[in-house]
$ cat entry.cif   # mmCIF, C-alpha atoms
data_work
#
loop_
_atom_site.label_atom_id
_atom_site.label_comp_id
_atom_site.auth_asym_id
_atom_site.auth_seq_id
_atom_site.Cartn_x
_atom_site.Cartn_y
_atom_site.Cartn_z
CA MET A 128 9.05 -48.26 -15.93
CA LYS A 129 5.30 -48.16 -16.63
CA ASN A 130 4.78 -45.87 -13.64
CA ILE A 131 7.59 -43.52 -14.75
CA ILE A 132 6.13 -43.21 -18.27
CA THR A 133 2.65 -42.64 -16.83
CA GLN A 134 3.81 -39.91 -14.44
CA PHE A 135 5.80 -38.22 -17.20
CA SER A 136 2.69 -38.28 -19.41
CA ARG A 137 0.67 -36.84 -16.53
CA LEU A 138 3.12 -33.97 -16.07
CA PHE A 139 3.53 -33.31 -19.81
CA VAL A 140 -0.20 -33.30 -20.60
CA GLY A 141 -1.19 -31.35 -17.48
CA VAL A 142 1.38 -28.58 -17.95
CA LEU A 143 0.70 -28.25 -21.69
CA PHE A 144 -3.06 -28.00 -21.15
CA ILE A 145 -2.58 -25.35 -18.45
CA ILE A 146 -0.19 -23.26 -20.57
CA SER A 147 -2.33 -23.53 -23.69
CA GLY A 148 -5.49 -22.72 -21.75
CA LEU A 149 -4.03 -19.75 -19.89
CA ILE A 150 -2.71 -18.20 -23.11
CA LYS A 151 -6.20 -18.38 -24.64
CA LEU A 152 -7.86 -17.33 -21.37
CA ASN A 153 -5.70 -14.21 -21.52
CA ASP A 154 -7.53 -13.35 -24.77
CA PRO A 155 -10.83 -15.29 -25.02
CA VAL A 156 -12.25 -12.83 -27.55
CA GLY A 157 -9.40 -13.67 -29.93
CA PHE A 158 -10.09 -17.39 -29.49
CA SER A 159 -13.79 -16.77 -30.14
CA TYR A 160 -12.88 -15.23 -33.52
CA LYS A 161 -11.07 -18.46 -34.35
CA LEU A 162 -14.10 -20.57 -33.36
CA ALA A 163 -16.34 -18.32 -35.44
CA GLU A 164 -14.02 -19.02 -38.37
CA TYR A 165 -14.59 -22.75 -37.89
CA PHE A 166 -18.36 -22.16 -37.76
CA SER A 167 -18.35 -20.02 -40.91
CA GLU A 168 -19.76 -21.16 -44.25
CA PRO A 169 -16.41 -22.05 -45.94
CA VAL A 170 -15.49 -24.44 -43.11
CA PHE A 171 -18.29 -26.27 -41.23
CA ASN A 172 -21.13 -24.07 -42.48
CA MET A 173 -22.75 -23.64 -39.05
CA PRO A 174 -23.37 -19.89 -38.91
CA PHE A 175 -26.06 -20.36 -36.28
CA LEU A 176 -23.26 -21.15 -33.80
CA GLU A 177 -21.30 -17.95 -34.47
CA PRO A 178 -23.25 -15.89 -31.86
CA LEU A 179 -22.29 -18.54 -29.29
CA ALA A 180 -18.57 -18.42 -30.15
CA LEU A 181 -17.51 -16.21 -27.23
CA GLY A 182 -19.40 -18.21 -24.60
CA LEU A 183 -18.08 -21.47 -26.02
CA ALA A 184 -14.54 -20.06 -26.16
CA ILE A 185 -14.63 -19.07 -22.48
CA PHE A 186 -16.03 -22.47 -21.48
CA LEU A 187 -13.40 -24.40 -23.47
CA VAL A 188 -10.38 -22.44 -22.21
CA ILE A 189 -11.49 -22.64 -18.58
CA LEU A 190 -12.11 -26.37 -19.04
CA GLU A 191 -8.65 -26.75 -20.56
CA VAL A 192 -6.90 -25.07 -17.62
CA VAL A 193 -8.97 -26.80 -14.94
CA LEU A 194 -8.54 -30.25 -16.50
CA GLY A 195 -4.78 -29.70 -16.57
CA ILE A 196 -4.78 -28.81 -12.87
CA MET A 197 -7.12 -31.71 -12.02
CA LEU A 198 -4.75 -34.12 -13.78
CA LEU A 199 -1.70 -32.82 -11.94
CA VAL A 200 -3.28 -32.99 -8.47
CA GLY A 201 -5.10 -36.25 -9.24
CA TYR A 202 -8.64 -35.00 -8.72
CA LYS A 203 -11.15 -37.65 -9.93
CA ALA A 204 -8.48 -39.13 -12.22
CA LYS A 205 -10.71 -41.45 -14.24
CA ALA A 206 -13.26 -38.76 -15.11
CA THR A 207 -10.48 -36.22 -15.78
CA ILE A 208 -8.66 -38.53 -18.20
CA TRP A 209 -11.92 -39.37 -20.00
CA PHE A 210 -12.61 -35.63 -20.46
CA LEU A 211 -9.05 -35.07 -21.70
CA LEU A 212 -9.39 -37.90 -24.17
CA LEU A 213 -12.68 -36.61 -25.56
CA LEU A 214 -11.31 -33.08 -25.78
CA ILE A 215 -8.11 -34.08 -27.59
CA VAL A 216 -10.02 -36.30 -30.04
CA PHE A 217 -12.23 -33.30 -30.85
CA PHE A 218 -9.24 -30.95 -31.27
CA THR A 219 -7.36 -33.53 -33.35
CA PHE A 220 -10.31 -33.79 -35.72
CA LEU A 221 -10.47 -29.99 -36.04
CA THR A 222 -6.77 -29.58 -36.75
CA PHE A 223 -6.74 -32.47 -39.25
CA TYR A 224 -9.74 -31.00 -41.06
CA SER A 225 -8.04 -27.58 -41.14
CA ALA A 226 -4.79 -29.02 -42.46
CA TYR A 227 -6.20 -31.48 -45.00
CA PHE A 228 -8.77 -29.11 -46.50
CA ASP A 229 -6.59 -25.99 -45.95
CA VAL A 230 -9.50 -23.96 -44.56
CA VAL A 231 -8.15 -22.47 -41.29
CA LYS A 232 -4.55 -21.26 -41.42
CA ASP A 233 -3.99 -21.17 -37.65
CA CYS A 234 -5.98 -23.18 -35.10
CA GLY A 235 -5.32 -20.62 -32.35
CA CYS A 236 -4.07 -23.37 -30.00
CA PHE A 237 -1.66 -20.93 -28.36
CA GLY A 238 -3.45 -17.70 -29.25
CA ASP A 239 -1.21 -15.01 -30.70
CA ALA A 240 1.74 -16.13 -28.56
CA LEU A 241 2.73 -18.93 -30.92
CA HIS A 242 1.42 -19.41 -34.44
CA LEU A 243 1.43 -22.98 -35.75
CA THR A 244 0.72 -24.13 -39.28
CA PRO A 245 -2.29 -26.47 -39.65
CA TRP A 246 -0.08 -29.54 -39.97
CA GLN A 247 2.04 -28.47 -36.98
CA SER A 248 -1.16 -28.10 -34.94
CA PHE A 249 -2.33 -31.55 -36.02
CA THR A 250 1.05 -33.08 -35.14
CA LYS A 251 0.92 -31.44 -31.72
CA ASP A 252 -2.53 -32.92 -31.07
CA VAL A 253 -1.41 -36.38 -32.23
CA VAL A 254 1.48 -36.23 -29.74
CA LEU A 255 -0.92 -35.17 -26.97
CA LEU A 256 -3.32 -37.94 -27.96
CA PHE A 257 -0.48 -40.47 -27.65
CA PHE A 258 0.35 -39.37 -24.08
CA ILE A 259 -3.32 -39.16 -23.06
CA LEU A 260 -3.84 -42.72 -24.30
CA ILE A 261 -0.96 -43.78 -22.05
CA LEU A 262 -2.83 -42.18 -19.15
CA PHE A 263 -6.09 -43.76 -20.28
CA PHE A 264 -4.68 -47.29 -20.22
CA ASN A 265 -2.91 -46.67 -16.91
CA LYS A 266 -5.60 -44.74 -15.03
CA LYS A 267 -4.99 -46.71 -11.83
CA LEU A 268 -1.46 -45.29 -11.62
CA VAL A 269 -2.73 -41.68 -11.52
CA LYS A 270 -3.12 -41.17 -7.78
CA PRO A 271 -4.06 -37.96 -5.90
CA LEU A 272 -1.10 -35.93 -4.69
CA PHE A 273 -2.96 -34.62 -1.65
CA SER A 274 -5.90 -35.49 0.55
CA LYS A 275 -9.41 -35.37 -0.89
CA LEU A 276 -10.13 -32.07 0.88
CA VAL A 277 -6.98 -30.39 -0.47
CA THR A 278 -7.55 -31.57 -4.06
CA ASN A 279 -11.17 -30.36 -3.85
CA ILE A 280 -10.03 -26.94 -2.62
CA ILE A 281 -7.33 -26.63 -5.31
CA THR A 282 -9.80 -27.55 -8.06
CA LEU A 283 -12.43 -25.11 -6.76
CA ILE A 284 -9.89 -22.28 -6.46
CA SER A 285 -8.67 -22.92 -10.01
CA VAL A 286 -12.24 -22.63 -11.34
CA ILE A 287 -12.86 -19.39 -9.40
CA LEU A 288 -9.56 -17.84 -10.54
CA CYS A 289 -10.19 -18.80 -14.18
CA VAL A 290 -13.68 -17.28 -14.11
CA PHE A 291 -12.30 -14.12 -12.49
CA MET A 292 -9.58 -13.85 -15.13
CA ALA A 293 -12.11 -14.32 -17.95
CA VAL A 294 -14.38 -11.59 -16.57
CA TRP A 295 -11.40 -9.26 -16.09
CA VAL A 296 -9.97 -9.52 -19.60
CA LEU A 297 -13.43 -9.26 -21.17
CA ASN A 298 -13.96 -5.92 -19.45
CA HIS A 299 -10.41 -4.64 -19.91
CA ASN A 300 -7.50 -5.50 -22.17
CA PRO A 301 -5.62 -8.83 -22.23
CA ILE A 302 -3.13 -9.01 -19.37
CA LYS A 303 -0.34 -9.84 -21.84
CA ASP A 304 -0.57 -8.55 -25.41
CA PHE A 305 0.99 -10.90 -27.98
CA ARG A 306 -0.44 -9.15 -31.05
CA PRO A 307 1.61 -7.25 -33.66
CA PHE A 308 -0.17 -4.02 -32.62
CA LYS A 309 0.98 -4.20 -29.00
CA VAL A 310 2.29 -1.09 -27.22
CA GLY A 311 5.80 -0.25 -28.41
CA ASN A 312 5.43 -1.78 -31.88
CA ASN A 313 5.61 0.36 -35.00
CA ILE A 314 2.90 -0.33 -37.56
CA GLU A 315 4.99 0.56 -40.62
CA GLU A 316 7.83 -1.69 -39.43
CA GLY A 317 5.33 -4.50 -38.95
CA MET A 318 4.19 -4.21 -42.58
CA LYS A 319 7.68 -4.48 -44.09
CA ILE A 320 8.86 -7.57 -45.94
CA PRO A 321 12.57 -8.27 -45.25
CA ASP A 322 15.02 -8.50 -48.13
CA GLY A 323 15.36 -12.06 -49.33
CA ALA A 324 12.13 -13.21 -47.66
CA PRO A 325 10.52 -16.17 -49.45
CA LYS A 326 7.83 -15.19 -51.94
CA SER A 327 4.58 -16.98 -52.57
CA VAL A 328 4.42 -19.36 -55.51
CA VAL A 329 1.07 -18.79 -57.21
CA GLU A 330 -0.47 -20.71 -60.11
CA MET A 331 -3.11 -19.04 -62.26
CA ILE A 332 -6.22 -21.15 -62.78
CA PHE A 333 -8.56 -20.30 -65.66
CA ILE A 334 -12.18 -21.39 -65.55
CA TYR A 335 -13.99 -22.03 -68.83
CA LYS A 336 -17.49 -23.30 -69.47
CA VAL A 337 -17.20 -26.41 -71.63
CA ASN A 338 -20.46 -27.98 -72.82
CA GLY A 339 -22.30 -26.21 -70.01
CA VAL A 340 -19.86 -27.35 -67.28
CA ASP A 341 -17.24 -25.17 -65.55
CA LYS A 342 -13.77 -26.68 -65.94
CA GLU A 343 -10.41 -25.50 -64.63
CA PHE A 344 -7.28 -25.13 -66.76
CA THR A 345 -3.75 -24.19 -65.77
CA GLU A 346 -1.77 -21.69 -67.82
CA LYS A 347 0.02 -24.57 -69.56
CA GLU A 348 -3.29 -26.17 -70.53
CA LEU A 349 -4.77 -23.10 -72.23
CA ALA A 350 -3.79 -24.42 -75.67
CA ASN A 351 -5.96 -27.49 -75.04
CA ILE A 352 -9.19 -25.61 -74.35
CA PRO A 353 -11.93 -27.09 -76.58
CA ALA A 354 -13.43 -24.98 -79.34
CA GLY A 355 -16.57 -23.15 -78.25
CA ALA A 356 -15.55 -22.92 -74.60
CA THR A 357 -16.32 -19.60 -72.94
CA PHE A 358 -14.24 -17.84 -70.30
CA VAL A 359 -15.87 -17.67 -66.86
CA ASP A 360 -13.29 -16.55 -64.32
CA ARG A 361 -9.65 -16.64 -63.24
CA LYS A 362 -8.34 -17.40 -59.78
CA ASP A 363 -4.94 -17.73 -58.14
CA LYS A 364 -3.98 -20.97 -56.41
CA VAL A 365 -1.24 -20.61 -53.81
CA ILE A 366 1.24 -23.46 -54.24
CA THR A 367 3.70 -22.28 -51.60
CA GLU A 368 2.93 -19.59 -49.02
CA GLY A 369 5.60 -16.90 -48.89
CA TYR A 370 6.53 -14.57 -46.06
CA VAL A 371 3.53 -12.75 -44.61
CA PRO A 372 4.41 -9.70 -42.49
CA PRO A 373 2.93 -9.56 -38.97
CA ILE A 374 0.77 -6.60 -40.02
CA HIS A 375 -1.06 -6.90 -43.34
CA ASP A 376 -4.39 -5.79 -44.80
CA PHE A 377 -4.00 -2.57 -42.80
CA THR A 378 -5.47 0.47 -44.53
CA MET A 379 -6.74 3.93 -43.63
CA VAL A 380 -9.06 4.55 -46.55
CA LYS A 381 -11.38 7.50 -47.01
CA GLU A 382 -13.09 8.41 -50.27
CA ASP A 383 -11.17 5.70 -52.16
CA SER A 384 -7.74 6.99 -51.06
CA ASP A 385 -5.44 5.30 -48.55
CA TYR A 386 -4.03 7.84 -46.08
CA LYS A 387 -1.99 5.47 -43.90
CA GLU A 388 1.38 6.79 -45.09
CA GLU A 389 0.34 10.31 -44.10
CA LEU A 390 -1.45 9.44 -40.86
CA LEU A 391 1.29 7.14 -39.59
CA LYS A 392 3.64 10.13 -39.61
CA GLU A 393 1.44 12.07 -37.19
CA PRO A 394 3.27 12.73 -33.89
CA LYS A 395 0.01 12.78 -31.90
CA LEU A 396 -2.75 10.58 -33.26
CA VAL A 397 -5.75 9.15 -31.42
CA ILE A 398 -7.75 6.41 -33.14
CA PHE A 399 -11.19 5.18 -32.16
CA VAL A 400 -11.26 1.54 -33.31
CA THR A 401 -14.69 0.00 -33.88
CA TYR A 402 -14.64 -2.84 -36.40
CA ASP A 403 -18.46 -3.04 -36.59
CA LEU A 404 -20.59 -0.06 -35.60
CA ASN A 405 -23.70 -2.23 -35.42
CA LEU A 406 -22.04 -4.36 -32.72
CA SER A 407 -20.25 -1.59 -30.82
CA ASN A 408 -21.02 -1.10 -27.14
CA PRO A 409 -23.41 1.89 -26.76
CA GLU A 410 -21.98 2.97 -23.41
CA GLY A 411 -18.48 2.85 -24.84
CA MET A 412 -19.50 4.86 -27.91
CA LYS A 413 -21.00 7.57 -25.70
CA LYS A 414 -17.56 8.20 -24.13
CA LEU A 415 -15.74 8.85 -27.41
CA GLU A 416 -16.77 12.43 -28.15
CA LYS A 417 -15.54 13.62 -24.74
CA VAL A 418 -12.18 11.97 -25.46
CA ASN A 419 -12.23 13.57 -28.89
CA GLN A 420 -12.63 17.06 -27.44
CA GLU A 421 -9.95 16.54 -24.77
CA ALA A 422 -7.49 15.11 -27.29
CA LYS A 423 -7.98 17.91 -29.81
CA ALA A 424 -7.49 20.47 -27.04
CA LYS A 425 -4.06 18.94 -26.45
CA GLY A 426 -3.06 19.03 -30.10
CA TYR A 427 -3.97 15.51 -31.17
CA LYS A 428 -5.41 14.55 -34.50
CA VAL A 429 -8.38 12.28 -33.84
CA ILE A 430 -9.86 9.79 -36.31
CA ALA A 431 -12.00 6.66 -36.21
CA MET A 432 -11.48 3.38 -38.04
CA THR A 433 -14.17 0.88 -38.97
CA ALA A 434 -15.16 -1.76 -41.49
CA SER A 435 -18.76 -0.52 -41.48
CA GLY A 436 -20.34 1.24 -44.46
CA PRO A 437 -21.26 4.92 -44.99
CA ASP A 438 -24.84 4.49 -43.71
CA GLU A 439 -23.68 2.96 -40.41
CA ILE A 440 -21.03 5.67 -40.04
CA ALA A 441 -23.57 8.47 -40.59
CA LYS A 442 -25.97 6.86 -38.12
CA ALA A 443 -23.27 6.47 -35.43
CA LYS A 444 -21.98 10.03 -35.84
CA LYS A 445 -25.50 11.38 -35.39
CA GLN A 446 -26.46 9.02 -32.56
CA TYR A 447 -23.34 9.65 -30.47
CA GLY A 448 -22.51 13.20 -31.60
CA LEU A 449 -19.15 12.09 -32.97
CA ASN A 450 -17.24 14.85 -34.73
CA VAL A 451 -14.47 12.72 -36.27
CA ASP A 452 -13.56 11.45 -39.72
CA PHE A 453 -13.96 7.71 -40.27
CA TYR A 454 -11.42 5.65 -42.24
CA PHE A 455 -12.03 2.17 -43.60
CA CYS A 456 -9.94 -0.85 -42.64
CA ASP A 457 -10.53 -4.59 -42.96
CA ALA A 458 -12.52 -5.96 -40.01
CA THR A 459 -9.98 -8.72 -39.30
CA ALA A 460 -7.15 -6.19 -39.04
CA LEU A 461 -9.22 -4.00 -36.70
CA LYS A 462 -10.06 -7.01 -34.49
CA THR A 463 -6.35 -7.70 -34.28
CA ILE A 464 -5.58 -4.14 -33.17
CA GLU A 465 -7.95 -4.27 -30.23
CA ARG A 466 -10.56 -6.66 -28.86
CA ALA A 467 -12.92 -4.07 -27.39
CA ASN A 468 -15.51 -2.49 -29.66
CA PRO A 469 -14.91 0.43 -29.39
CA SER A 470 -11.39 0.96 -28.11
CA ILE A 471 -8.90 3.83 -28.15
CA VAL A 472 -5.38 3.64 -29.58
CA VAL A 473 -2.75 6.37 -29.32
CA LEU A 474 0.05 6.53 -31.91
CA HIS A 475 3.26 8.53 -32.18
CA LYS A 476 4.57 8.43 -35.75
CA GLY A 477 3.12 4.98 -36.29
CA THR A 478 4.29 3.55 -32.95
CA VAL A 479 1.61 2.33 -30.56
CA VAL A 480 1.91 4.40 -27.38
CA GLN A 481 -1.24 3.34 -25.54
CA LYS A 482 -4.30 1.11 -25.99
CA VAL A 483 -7.39 1.54 -23.86
CA HIS A 484 -10.59 -0.49 -23.48
CA TYR A 485 -13.74 1.66 -23.44
CA ASN A 486 -14.18 0.72 -19.76
CA ASP A 487 -10.76 2.27 -18.99
CA VAL A 488 -11.15 5.67 -20.65
CA ASP A 489 -10.15 7.34 -17.37
CA ASP A 490 -6.73 5.65 -17.66
CA LEU A 491 -6.04 7.33 -21.00
CA LYS A 492 -2.93 9.55 -20.80
CA LEU A 493 -2.88 12.38 -23.32
CA SER A 494 0.30 14.46 -23.31
CA ASP A 495 0.31 18.22 -23.92
CA VAL A 496 3.48 17.80 -25.98
CA ALA A 497 4.37 15.44 -28.79
CA TYR A 498 5.86 12.12 -27.71
CA GLY A 499 9.58 11.83 -28.07
CA LEU A 500 10.14 15.61 -28.09
#

$ encode --input "entry.cif" --output "structure tokens"
Amino acid sequence: MKNIITQFSRLFVGVLFIISGLIKLNDPVGFSYKLAEYFSEPVFNMPFLEPLALGLAIFLVILEVVLGIMLLVGYKAKATIWFLLLLIVFFTFLTFYSAYFDVVKDCGCFGDALHLTPWQSFTKDVVLLFFILILFFNKKLVKPLFSKLVTNIITLISVILCVFMAVWVLNHNPIKDFRPFKVGNNIEEGMKIPDGAPKSVVEMIFIYKVNGVDKEFTEKELANIPAGATFVDRKDKVITEGYVPPIHDFTMVKEDSDYKEELLKEPKLVIFVTYDLNLSNPEGMKKLEKVNQEAKAKGYKVIAMTASGPDEIAKAKKQYGLNVDFYFCDATALKTIERANPSIVVLHKGTVVQKVHYNDVDDLKLSDVAYGL
């Protein structure tokens, strides 16, 4: 019985680590955004680690996949199980911290393929910890499935393939797109809230300075505010999170007006997406004006979207000779649209027709006629 439970734990943990790792390896840039969120000031306040987020993300997801494979084939079982235990203890701490302090809404355990609430993520890690502890206390029962040479070869090949996959998706698009802006999805449809969808329950909190100290009062407690207290601020506290559409915080703002309703009706629209012009790839930016000219010659309307300010926009237009209008959108939304900075997105009446990494500009297909006609 002990051996059966141990082998089941081995299979369960190994497969789950491989699946979880491969999903994140498919989109390591997206996972790096999640790590950067953990490093940010509101969470662990370690901004000095944010520049290392991408490298750390790639290392962690490759480690996750390789450890899963090592466990299944029985390569250096004791060391493998120790690494798994340390890794799951670390992840369990992160997910508990996120859930208890409500600082990170989604741990990114399964990328954009499966979104878990903080408490769901913590529960998942507790379950994994339970099965890894079974393996830890029964390490002697985890035997190699093949000869030493074969297990060595399998482990080495898994490392090489993981590294190759990481390099590929960093220089192109994710192999499988799980995001709400994937090809075939309509942006306007993604922003809709279904009839009868649960709404957020929000409590208004009023902050007053009482005897030199800021104190919070609910709406029901306003009558009890001491005399002489002065109003400082008001904030909304979310009691229950309502339905959040897959696409939100999406705008196309220029000169304080949002043009998304108008632009999402365009039958032939090309968008240059660059969430931060200061961080955009120079070689990629140099390719955009040529695409702009070719697209306009075929009847496309061409715009750019960024979260950068007017000064950065003016500098980029001059530096790269860009003759396009820039529209503002939240940086998080733009990072969700595409991982490359810059990237090119083609829309037909709000539906994503094509998405291209700046390294794959030659693969861009611009039709001489409107899509769907």

$ atom_distance --input "entry.cif" --atom1 "atom CA of Lys392 of chain A" --atom2 "atom CA of Glu315 of chain A"
9.7 Å

$ atom_distance --input "entry.cif" --atom1 "atom CA of Tyr202 of chain A" --atom2 "atom CA of Leu272 of chain A"
8.6 Å

$ resolve_selection --input "entry.cif" --expression "the PyMOL selection byres ((chain A and resi 307) around 10)" --output "compact mmCIF listing (two decimals) with C-alpha atoms, in the coordinates of the input"
# COMPACT_ATOMS: atom_id res chain seq x y z
CA ASP A 239 -1.21 -15.01 -30.70
CA ASP A 304 -0.57 -8.55 -25.41
CA PHE A 305 0.99 -10.90 -27.98
CA ARG A 306 -0.44 -9.15 -31.05
CA PHE A 308 -0.17 -4.02 -32.62
CA LYS A 309 0.98 -4.20 -29.00
CA VAL A 310 2.29 -1.09 -27.22
CA GLY A 311 5.80 -0.25 -28.41
CA ASN A 312 5.43 -1.78 -31.88
CA ASN A 313 5.61 0.36 -35.00
CA ILE A 314 2.90 -0.33 -37.56
CA GLY A 317 5.33 -4.50 -38.95
CA MET A 318 4.19 -4.21 -42.58
CA PRO A 372 4.41 -9.70 -42.49
CA PRO A 373 2.93 -9.56 -38.97
CA ILE A 374 0.77 -6.60 -40.02
CA THR A 463 -6.35 -7.70 -34.28
CA ILE A 464 -5.58 -4.14 -33.17

$ resolve_selection --input "entry.cif" --expression "the PyMOL selection byres ((chain A and resi 263) around 10)" --output "PyMOL selection string"
chain A and resi 133+204-205+207-209+211-212+257-262+264-269

$ resolve_selection --input "entry.cif" --expression "the PyMOL selection byres ((chain A and resi 368) around 10)" --output "PDB file with C-alpha atoms, in the frame of the given file"
ATOM      1  CA  PRO A 325      10.520 -16.170 -49.450  1.00  0.00           C
ATOM      2  CA  LYS A 326       7.830 -15.190 -51.940  1.00  0.00           C
ATOM      3  CA  SER A 327       4.580 -16.980 -52.570  1.00  0.00           C
ATOM      4  CA  VAL A 328       4.420 -19.360 -55.510  1.00  0.00           C
ATOM      5  CA  VAL A 329       1.070 -18.790 -57.210  1.00  0.00           C
ATOM      6  CA  VAL A 365      -1.240 -20.610 -53.810  1.00  0.00           C
ATOM      7  CA  ILE A 366       1.240 -23.460 -54.240  1.00  0.00           C
ATOM      8  CA  THR A 367       3.700 -22.280 -51.600  1.00  0.00           C
ATOM      9  CA  GLY A 369       5.600 -16.900 -48.890  1.00  0.00           C
ATOM     10  CA  TYR A 370       6.530 -14.570 -46.060  1.00  0.00           C
ATOM     11  CA  VAL A 371       3.530 -12.750 -44.610  1.00  0.00           C
TER      12      VAL A 371
END

$ closest_residue --input "entry.cif" --among "A:Ala460, A:Ile471, A:Leu149, A:Val156" --to "His375 of chain A" --atoms "all atoms listed in the file"
A:Ala460

$ residues_around --input "entry.cif" --residues "Thr357 of chain A" --least-positions-apart "3" --cutoff "10 Å" --atoms "only C-alpha atoms" --output "list of chain:residue names"
A:Ile334, A:Tyr335, A:Lys336, A:Val337, A:Asn338, A:Gly339, A:Asp341, A:Ile352, A:Pro353, A:Ala354, A:Asp360

$ closest_residue --input "entry.cif" --among "A:Lys319, A:Lys362, A:Lys151, A:Arg137" --to "Pro271 of chain A" --atoms "all atoms listed in the file"
A:Arg137

$ atom_distance --input "entry.cif" --atom1 "atom CA of Val230 of chain A" --atom2 "atom CA of Pro169 of chain A"
7.3 Å

$ closest_residue --input "entry.cif" --among "A:Val488, A:Ile430, A:Ile131, A:Gly448" --to "Leu474 of chain A" --atoms "all atoms listed in the file"
A:Ile430

$ closest_residue --input "entry.cif" --among "A:Ser147, A:Ile185, A:Glu164, A:Lys417" --to "Phe291 of chain A" --atoms "all atoms listed in the file"
A:Ile185

$ closest_residue --input "entry.cif" --among "A:Ala293, A:Ala441, A:Leu390, A:Leu449" --to "Gly477 of chain A" --atoms "all atoms listed in the file"
A:Leu390

$ build_atoms --input "entry.cif" --residues "segment 412-424 of chain A" --atoms "N, CA, C and O atoms" --output "PDB file, keeping the file's coordinate frame"
ATOM      1  N   MET A 412     -19.411   3.862 -26.841  1.00  0.00           N
ATOM      2  CA  MET A 412     -19.500   4.860 -27.910  1.00  0.00           C
ATOM      3  C   MET A 412     -19.811   6.242 -27.352  1.00  0.00           C
ATOM      4  O   MET A 412     -19.335   7.258 -27.874  1.00  0.00           O
ATOM      5  N   LYS A 413     -20.617   6.287 -26.286  1.00  0.00           N
ATOM      6  CA  LYS A 413     -21.000   7.570 -25.700  1.00  0.00           C
ATOM      7  C   LYS A 413     -19.794   8.313 -25.101  1.00  0.00           C
ATOM      8  O   LYS A 413     -19.837   9.528 -24.929  1.00  0.00           O
ATOM      9  N   LYS A 414     -18.738   7.577 -24.768  1.00  0.00           N
ATOM     10  CA  LYS A 414     -17.560   8.200 -24.130  1.00  0.00           C
ATOM     11  C   LYS A 414     -16.594   8.818 -25.142  1.00  0.00           C
ATOM     12  O   LYS A 414     -15.698   9.573 -24.766  1.00  0.00           O
ATOM     13  N   LEU A 415     -16.751   8.490 -26.418  1.00  0.00           N
ATOM     14  CA  LEU A 415     -15.740   8.850 -27.410  1.00  0.00           C
ATOM     15  C   LEU A 415     -15.667  10.341 -27.711  1.00  0.00           C
ATOM     16  O   LEU A 415     -14.573  10.894 -27.896  1.00  0.00           O
ATOM     17  N   GLU A 416     -16.800  11.012 -27.791  1.00  0.00           N
ATOM     18  CA  GLU A 416     -16.770  12.430 -28.150  1.00  0.00           C
ATOM     19  C   GLU A 416     -16.070  13.264 -27.081  1.00  0.00           C
ATOM     20  O   GLU A 416     -15.346  14.215 -27.397  1.00  0.00           O
ATOM     21  N   LYS A 417     -16.245  12.902 -25.825  1.00  0.00           N
ATOM     22  CA  LYS A 417     -15.540  13.620 -24.740  1.00  0.00           C
ATOM     23  C   LYS A 417     -14.036  13.446 -24.897  1.00  0.00           C
ATOM     24  O   LYS A 417     -13.268  14.405 -24.758  1.00  0.00           O
ATOM     25  N   VAL A 418     -13.609  12.217 -25.213  1.00  0.00           N
ATOM     26  CA  VAL A 418     -12.180  11.970 -25.460  1.00  0.00           C
ATOM     27  C   VAL A 418     -11.718  12.760 -26.665  1.00  0.00           C
ATOM     28  O   VAL A 418     -10.618  13.330 -26.665  1.00  0.00           O
ATOM     29  N   ASN A 419     -12.543  12.814 -27.679  1.00  0.00           N
ATOM     30  CA  ASN A 419     -12.230  13.570 -28.890  1.00  0.00           C
ATOM     31  C   ASN A 419     -11.939  15.032 -28.570  1.00  0.00           C
ATOM     32  O   ASN A 419     -10.933  15.597 -29.021  1.00  0.00           O
ATOM     33  N   GLN A 420     -12.803  15.643 -27.794  1.00  0.00           N
ATOM     34  CA  GLN A 420     -12.630  17.060 -27.440  1.00  0.00           C
ATOM     35  C   GLN A 420     -11.371  17.287 -26.598  1.00  0.00           C
ATOM     36  O   GLN A 420     -10.616  18.229 -26.830  1.00  0.00           O
ATOM     37  N   GLU A 421     -11.137  16.404 -25.630  1.00  0.00           N
ATOM     38  CA  GLU A 421      -9.950  16.540 -24.770  1.00  0.00           C
ATOM     39  C   GLU A 421      -8.673  16.347 -25.572  1.00  0.00           C
ATOM     40  O   GLU A 421      -7.677  17.069 -25.369  1.00  0.00           O
ATOM     41  N   ALA A 422      -8.680  15.390 -26.489  1.00  0.00           N
ATOM     42  CA  ALA A 422      -7.490  15.110 -27.290  1.00  0.00           C
ATOM     43  C   ALA A 422      -7.179  16.265 -28.234  1.00  0.00           C
ATOM     44  O   ALA A 422      -6.019  16.679 -28.367  1.00  0.00           O
ATOM     45  N   LYS A 423      -8.193  16.789 -28.882  1.00  0.00           N
ATOM     46  CA  LYS A 423      -7.980  17.910 -29.810  1.00  0.00           C
ATOM     47  C   LYS A 423      -7.474  19.141 -29.072  1.00  0.00           C
ATOM     48  O   LYS A 423      -6.660  19.912 -29.607  1.00  0.00           O
ATOM     49  N   ALA A 424      -7.944  19.331 -27.842  1.00  0.00           N
ATOM     50  CA  ALA A 424      -7.490  20.470 -27.040  1.00  0.00           C
ATOM     51  C   ALA A 424      -6.009  20.368 -26.712  1.00  0.00           C
ATOM     52  O   ALA A 424      -5.345  21.383 -26.460  1.00  0.00           O
TER      53      ALA A 424
END
